[in-house]
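Coordinates from upload-v6.txt are shown below (compact mmCIF, C-alpha atoms).
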# COMPACT_ATOMS: atom_id res chain seq x y z
CA MET A 1 209.43 -43.29 74.60
CA ILE A 2 207.84 -43.19 71.12
CA LEU A 3 209.75 -40.01 70.27
CA TYR A 4 212.97 -41.52 71.64
CA ARG A 5 212.63 -44.60 69.44
CA PHE A 6 211.73 -42.47 66.44
CA CYS A 7 214.87 -40.34 66.91
CA GLN A 8 216.99 -43.47 67.29
CA ARG A 9 215.73 -44.75 63.96
CA LEU A 10 216.22 -41.36 62.32
CA VAL A 11 219.86 -41.13 63.43
CA ARG A 12 220.59 -44.70 62.31
CA LEU A 13 219.14 -44.03 58.88
CA GLY A 14 220.78 -40.64 58.47
CA TRP A 15 224.29 -41.34 59.81
CA PRO A 16 225.62 -42.80 56.51
CA LEU A 17 225.37 -39.24 55.13
CA ILE A 18 228.06 -38.27 57.65
CA GLY A 19 230.36 -41.20 57.02
CA PRO A 20 231.17 -44.82 57.88
CA LEU A 21 230.35 -46.02 61.39
CA GLU A 22 232.07 -48.89 63.21
CA VAL A 23 230.51 -50.30 66.40
CA HIS A 24 232.37 -52.67 68.70
CA GLY A 25 231.30 -54.56 71.81
CA LEU A 26 227.60 -53.75 71.84
CA GLU A 27 227.03 -57.17 73.37
CA ASN A 28 228.79 -55.89 76.52
CA VAL A 29 225.81 -53.69 77.40
CA PRO A 30 223.62 -55.64 79.85
CA GLU A 31 220.23 -56.64 78.51
CA HIS A 32 218.64 -56.25 81.93
CA GLY A 33 219.33 -54.44 85.17
CA PRO A 34 221.01 -51.16 86.09
CA PHE A 35 224.32 -50.00 84.69
CA LEU A 36 226.38 -46.84 84.26
CA LEU A 37 227.78 -46.09 80.82
CA ILE A 38 230.80 -43.80 81.20
CA ALA A 39 232.12 -42.27 77.98
CA ASN A 40 234.50 -39.66 76.63
CA HIS A 41 233.15 -36.54 74.94
CA GLN A 42 234.57 -35.37 71.60
CA SER A 43 231.50 -33.70 70.08
CA ILE A 44 227.90 -32.66 70.65
CA LEU A 45 227.08 -35.67 68.47
CA ASP A 46 228.31 -38.21 71.04
CA PRO A 47 225.14 -38.65 73.14
CA ILE A 48 222.97 -38.60 70.02
CA LEU A 49 225.01 -41.37 68.41
CA VAL A 50 225.51 -43.52 71.52
CA GLN A 51 221.80 -43.48 72.34
CA ALA A 52 220.93 -44.30 68.73
CA ILE A 53 223.25 -47.33 68.70
CA MET A 54 222.08 -48.88 71.95
CA ARG A 55 219.18 -51.30 72.05
CA ARG A 56 218.20 -50.30 75.58
CA PRO A 57 217.03 -46.80 76.48
CA LEU A 58 219.76 -44.72 78.10
CA TYR A 59 219.05 -41.88 80.52
CA THR A 60 221.81 -39.32 80.04
CA MET A 61 223.10 -36.36 82.02
CA ALA A 62 223.11 -33.14 79.99
CA LYS A 63 224.12 -29.61 80.94
CA SER A 64 221.25 -27.65 82.44
CA THR A 65 221.50 -24.83 79.87
CA GLN A 66 220.25 -27.24 77.21
CA PHE A 67 216.89 -27.34 78.98
CA THR A 68 216.24 -23.61 78.69
CA GLY A 69 213.58 -22.45 76.27
CA ARG A 70 210.15 -23.86 75.59
CA ILE A 71 211.13 -26.28 72.81
CA MET A 72 214.30 -27.73 74.36
CA GLY A 73 212.71 -27.83 77.80
CA TRP A 74 209.99 -30.03 76.32
CA LEU A 75 212.26 -32.12 74.09
CA MET A 76 215.19 -33.01 76.35
CA PRO A 77 213.27 -35.07 78.95
CA ARG A 78 211.55 -36.97 76.11
CA LEU A 79 215.01 -37.89 74.84
CA LEU A 80 215.69 -39.26 78.34
CA ALA A 81 218.09 -36.47 79.30
CA PHE A 82 218.17 -34.99 82.79
CA PRO A 83 219.95 -31.76 83.75
CA VAL A 84 223.20 -31.36 85.63
CA ARG A 85 224.68 -28.04 86.74
CA ARG A 86 228.29 -28.02 85.62
CA TYR A 87 231.29 -26.75 87.58
CA ARG A 88 229.54 -27.18 90.93
CA VAL A 89 228.39 -29.84 93.35
CA ASP A 90 224.90 -30.95 92.31
CA PRO A 91 223.36 -33.37 94.83
CA GLN A 92 220.07 -33.37 92.94
CA VAL A 93 221.55 -34.93 89.81
CA VAL A 94 223.11 -37.70 91.93
CA ARG A 95 219.70 -38.44 93.44
CA VAL A 96 218.10 -38.56 89.99
CA ALA A 97 220.82 -40.88 88.66
CA LEU A 98 220.52 -43.22 91.65
CA ARG A 99 216.73 -43.25 91.29
CA HIS A 100 217.05 -44.40 87.69
CA LEU A 101 219.55 -47.08 88.70
CA ASP A 102 217.24 -48.27 91.48
CA ARG A 103 214.55 -48.71 88.83
CA GLY A 104 216.90 -50.89 86.78
CA ASP A 105 217.67 -48.27 84.11
CA GLY A 106 220.89 -47.53 82.28
CA VAL A 107 222.44 -44.11 82.96
CA GLY A 108 224.99 -42.42 80.72
CA VAL A 109 227.59 -39.90 81.90
CA TYR A 110 230.30 -38.13 79.89
CA ILE A 111 233.09 -38.14 82.43
CA GLU A 112 235.07 -35.15 81.10
CA GLY A 113 232.09 -32.91 81.86
CA GLU A 114 232.32 -31.04 78.56
CA ARG A 115 233.40 -31.53 74.96
CA SER A 116 237.11 -31.74 74.32
CA TRP A 117 238.68 -28.73 72.59
CA ASP A 118 241.31 -30.82 70.79
CA GLY A 119 239.77 -34.29 70.54
CA ARG A 120 242.03 -35.75 73.22
CA LEU A 121 240.78 -37.36 76.42
CA GLN A 122 240.55 -34.78 79.20
CA PRO A 123 240.86 -35.32 83.00
CA PRO A 124 237.77 -36.79 84.68
CA ARG A 125 235.22 -34.91 86.73
CA LEU A 126 235.55 -36.63 90.08
CA GLY A 127 231.86 -36.27 90.83
CA THR A 128 231.22 -38.96 88.22
CA VAL A 129 233.73 -41.28 89.90
CA ARG A 130 232.03 -40.66 93.24
CA LEU A 131 228.72 -41.64 91.65
CA VAL A 132 230.30 -44.87 90.37
CA LEU A 133 231.51 -45.73 93.86
CA LYS A 134 228.21 -44.83 95.48
CA ALA A 135 226.05 -46.74 92.97
CA GLY A 136 227.90 -50.05 92.96
CA VAL A 137 226.39 -51.12 89.62
CA PRO A 138 228.20 -52.49 86.54
CA VAL A 139 230.10 -49.80 84.66
CA ILE A 140 230.42 -49.94 80.87
CA PRO A 141 233.45 -47.98 79.62
CA CYS A 142 232.61 -46.42 76.26
CA GLY A 143 235.03 -44.92 73.75
CA VAL A 144 233.92 -42.60 70.96
CA SER A 145 236.39 -41.73 68.21
CA GLY A 146 236.01 -39.63 65.08
CA THR A 147 233.14 -37.37 66.10
CA TYR A 148 235.69 -34.62 66.75
CA ASP A 149 236.57 -34.80 63.04
CA VAL A 150 232.88 -34.61 62.14
CA TRP A 151 231.92 -31.69 64.38
CA PRO A 152 234.44 -30.20 66.84
CA ARG A 153 233.09 -27.71 69.35
CA TRP A 154 234.91 -24.80 67.70
CA ASP A 155 233.33 -25.39 64.25
CA ARG A 156 229.87 -24.52 62.97
CA GLY A 157 229.28 -27.25 60.43
CA LEU A 158 229.34 -31.01 60.01
CA ARG A 159 232.12 -32.66 57.99
CA ARG A 160 232.25 -36.16 56.56
CA ALA A 161 234.54 -38.50 58.49
CA PRO A 162 234.52 -42.09 59.77
CA VAL A 163 233.41 -42.63 63.35
CA GLY A 164 233.80 -45.53 65.77
CA VAL A 165 232.12 -46.41 69.07
CA ALA A 166 233.32 -49.19 71.39
CA PHE A 167 231.66 -50.61 74.50
CA GLY A 168 233.92 -52.42 76.94
CA ALA A 169 233.15 -55.35 79.21
CA PRO A 170 231.39 -54.37 82.46
CA ILE A 171 233.63 -53.29 85.33
CA ARG A 172 232.58 -53.72 88.96
CA PHE A 173 233.66 -51.08 91.43
CA PRO A 174 232.95 -51.47 95.16
CA LYS A 175 229.77 -49.91 96.52
CA LEU A 176 230.96 -47.50 99.19
CA ASP A 177 228.26 -45.80 101.23
CA ASP A 178 230.75 -44.19 103.59
CA ARG A 179 232.03 -40.86 102.27
CA ALA A 180 235.51 -41.26 103.78
CA GLU A 181 235.89 -44.67 102.13
CA ARG A 182 234.78 -43.23 98.77
CA GLU A 183 237.31 -40.41 98.98
CA LYS A 184 240.08 -42.87 99.81
CA ALA A 185 239.16 -45.08 96.84
CA LEU A 186 238.70 -42.12 94.47
CA PRO A 187 242.20 -41.80 92.93
CA LYS A 188 242.55 -45.46 91.97
CA ALA A 189 238.96 -45.71 90.74
CA ALA A 190 239.43 -42.61 88.58
CA SER A 191 242.69 -43.96 87.15
CA ASP A 192 241.21 -47.39 86.40
CA LEU A 193 238.11 -45.90 84.80
CA MET A 194 240.01 -43.49 82.56
CA ALA A 195 242.39 -46.27 81.51
CA ALA A 196 239.37 -48.42 80.53
CA ILE A 197 237.85 -45.57 78.51
CA ALA A 198 241.20 -44.86 76.79
CA ALA A 199 241.40 -48.56 75.82
CA GLN A 200 237.94 -48.36 74.26
CA ILE A 201 238.86 -45.19 72.36
CA ALA A 202 241.76 -47.14 70.84
CA VAL A 203 239.36 -49.91 69.82
CA ALA A 204 236.89 -47.37 68.43
CA THR A 205 239.42 -45.42 66.35
CA PRO A 206 238.25 -45.87 62.74
CA ARG A 207 240.45 -47.96 60.50
CA ILE A 208 239.78 -45.46 57.71
CA ALA A 209 241.69 -42.22 58.30
CA PRO A 210 239.65 -39.03 57.70
CA ARG A 211 240.51 -37.31 54.42
CA ASP A 212 242.21 -33.93 54.62
CA ASP A 213 239.85 -32.60 51.94
CA ARG A 214 236.64 -33.93 53.51
CA ARG A 215 233.63 -31.86 52.62
CA GLN A 216 231.00 -30.35 54.84
CA VAL A 217 227.76 -32.30 54.93
CA ARG A 218 225.96 -29.03 54.26
CA GLY A 219 227.26 -25.98 52.48
CA GLY A 220 229.59 -27.75 50.03
CA ARG A 221 232.74 -26.12 51.38
CA ALA A 222 235.86 -28.24 50.88

Mind converting the file's structure to structure tokens?
Amino acid sequence: MILYRFCQRLVRLGWPLIGPLEVHGLENVPEHGPFLLIANHQSILDPILVQAIMRRPLYTMAKSTQFTGRIMGWLMPRLLAFPVRRYRVDPQVVRVALRHLDRGDGVGVYIEGERSWDGRLQPPRLGTVRLVLKAGVPVIPCGVSGTYDVWPRWDRGLRRAPVGVAFGAPIRFPKLDDRAEREKALPKAASDLMAAIAAQIAVATPRIAPRDDRRQVRGGRA
């Protein structure tokens, strides 16, 4: 946890080099007890920034390929990440997430399953919605806006741009232990959850529009 707190502080101190940051609704994150934070995913920077902003530690799902290699395999768990195998059913990651929630932890999931190619909100991965319905804990919809302008997945370098993050009021979904009941409730739960995230993206959208001639943070290219 020492490394996690150190990295939080480092990101907070260093983010002004990237651009202005607006944070809304941080008081909506529960101070105690389990919760799921469900967010959109514009950039690789999203989990780094969201974890840095939050006062409470946040255990976050991350794609399993990020855990390969000696250094990343050591670092990722210390940053409270746990692996998920994308594009397939992964019962183990559900068990890990529920174990954290049973301990009273906060768990973060990026519901699109991967970074957006164009910055727009993509359809949800229904496995995340199933987890929401199985867990029955408060859900915090989180909207991140502007990180796509800073570092889209198709670019190699950081660019200066304003960023906003918004945390919505907790939403309670029913706890459904029966699989048939979960599947029946899935479409409406997915629609309601994505609508809540879209509303937070609108709140998070920076009031300062990114400049067309913004410069890279490194490399000096206009």

Take CA of Leu80 in chain A and CA of Leu58 in chain A and report the distance between them in Å, one decimal. 6.8 Å

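The smallest atom-to-atom distance between Ala204 in chain A and any of A:Ile44, A:Lys184, A:Val107, A:Phe167, using only C-alpha atoms, is found for A:Phe167.
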
Around (227.2, -41.3, 58.2) in the file's frame, which residues reach within 10 Å when counting all atoms listed in the file? Return as an mmCIF file with C-alpha atoms, in the frame of the given file?
data_model
loop_
_atom_site.group_PDB
_atom_site.id
_atom_site.type_symbol
_atom_site.label_atom_id
_atom_site.label_comp_id
_atom_site.auth_asym_id
_atom_site.auth_seq_id
_atom_site.Cartn_x
_atom_site.Cartn_y
_atom_site.Cartn_z
ATOM 1 C CA VAL A 11 219.860 -41.130 63.430
ATOM 2 C CA ARG A 12 220.590 -44.700 62.310
ATOM 3 C CA LEU A 13 219.140 -44.030 58.880
ATOM 4 C CA GLY A 14 220.780 -40.640 58.470
ATOM 5 C CA TRP A 15 224.290 -41.340 59.810
ATOM 6 C CA PRO A 16 225.620 -42.800 56.510
ATOM 7 C CA LEU A 17 225.370 -39.240 55.130
ATOM 8 C CA ILE A 18 228.060 -38.270 57.650
ATOM 9 C CA GLY A 19 230.360 -41.200 57.020
ATOM 10 C CA PRO A 20 231.170 -44.820 57.880
ATOM 11 C CA LEU A 21 230.350 -46.020 61.390
ATOM 12 C CA VAL A 150 232.880 -34.610 62.140
ATOM 13 C CA ARG A 159 232.120 -32.660 57.990
ATOM 14 C CA ARG A 160 232.250 -36.160 56.560
ATOM 15 C CA ALA A 161 234.540 -38.500 58.490
ATOM 16 C CA PRO A 162 234.520 -42.090 59.770
ATOM 17 C CA VAL A 163 233.410 -42.630 63.350
ATOM 18 C CA VAL A 217 227.760 -32.300 54.930
#

Show me, as CSV, the residues of range 110-176 of chain A having an atom within 12 Å of range 48-55 of chain A, each with the closest atom pair and its distance in Å, using all atoms listed in the file.
residue,atom,partner,partner_atom,distance
A:Tyr110,CA,A:Val50,CA,11.0
A:Cys142,CA,A:Val50,CA,9.0
A:Gly143,CA,A:Val50,CA,9.9
A:Val144,CA,A:Val50,CA,8.5
A:Ser145,CA,A:Leu49,CA,11.4
A:Gly146,CA,A:Leu49,CA,11.6
A:Thr147,CA,A:Leu49,CA,9.4
A:Val163,CA,A:Leu49,CA,9.9
A:Gly164,CA,A:Leu49,CA,10.1
A:Val165,CA,A:Val50,CA,7.6
A:Ala166,CA,A:Val50,CA,9.7
A:Phe167,CA,A:Val50,CA,9.8

Return the single residue from A:Pro206, A:Glu114, A:Arg153, A:Val137 that is closest to Phe173 in chain A, with distances computed using all atoms listed in the file. A:Val137

Mind checking which residues fall within 12 Å of range 89-105 of chain A, counting all atoms listed in the file, ignoring those fewer than 2 positions away in the same chain, and posting them as a PyMOL selection string? chain A and resi 29-37+56-64+80-87+107-109+125-139

Report, in Å to a single decimal, how far apart CA of Ser43 in chain A and CA of Pro152 in chain A are. 5.6 Å

Box for range 111-128 of chain A - axis-aligned, 5 Å on each of the six sides, all listed atoms - centre and size in Å to one decimal, as JSON.
{"center_x": 236.6, "center_y": -33.8, "center_z": 80.7, "size_x": 20.8, "size_y": 20.2, "size_z": 30.3}

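For the pair CA of Ala196 in chain A and CA of Arg172 in chain A, the interatomic distance is 12.1 Å.
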
Scan for residues within 6 Å of the point (232.6, -51.6, 81.3) in the coordinates of the file, using all atoms listed in the file, and reply as a VMD selection string. chain A and resid 139 to 141 168 to 171

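The nearest approach to Ile38 in chain A among the residues A:Gly73, A:Gly157, A:Pro124, A:Gly119, with all atoms listed in the file taken into account, belongs to A:Pro124.
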
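Proximity of A:Val203, A:Ile111, A:Met194, A:Ala189 to Gln42 in chain A, computed with only C-alpha atoms, is greatest for A:Ile111.
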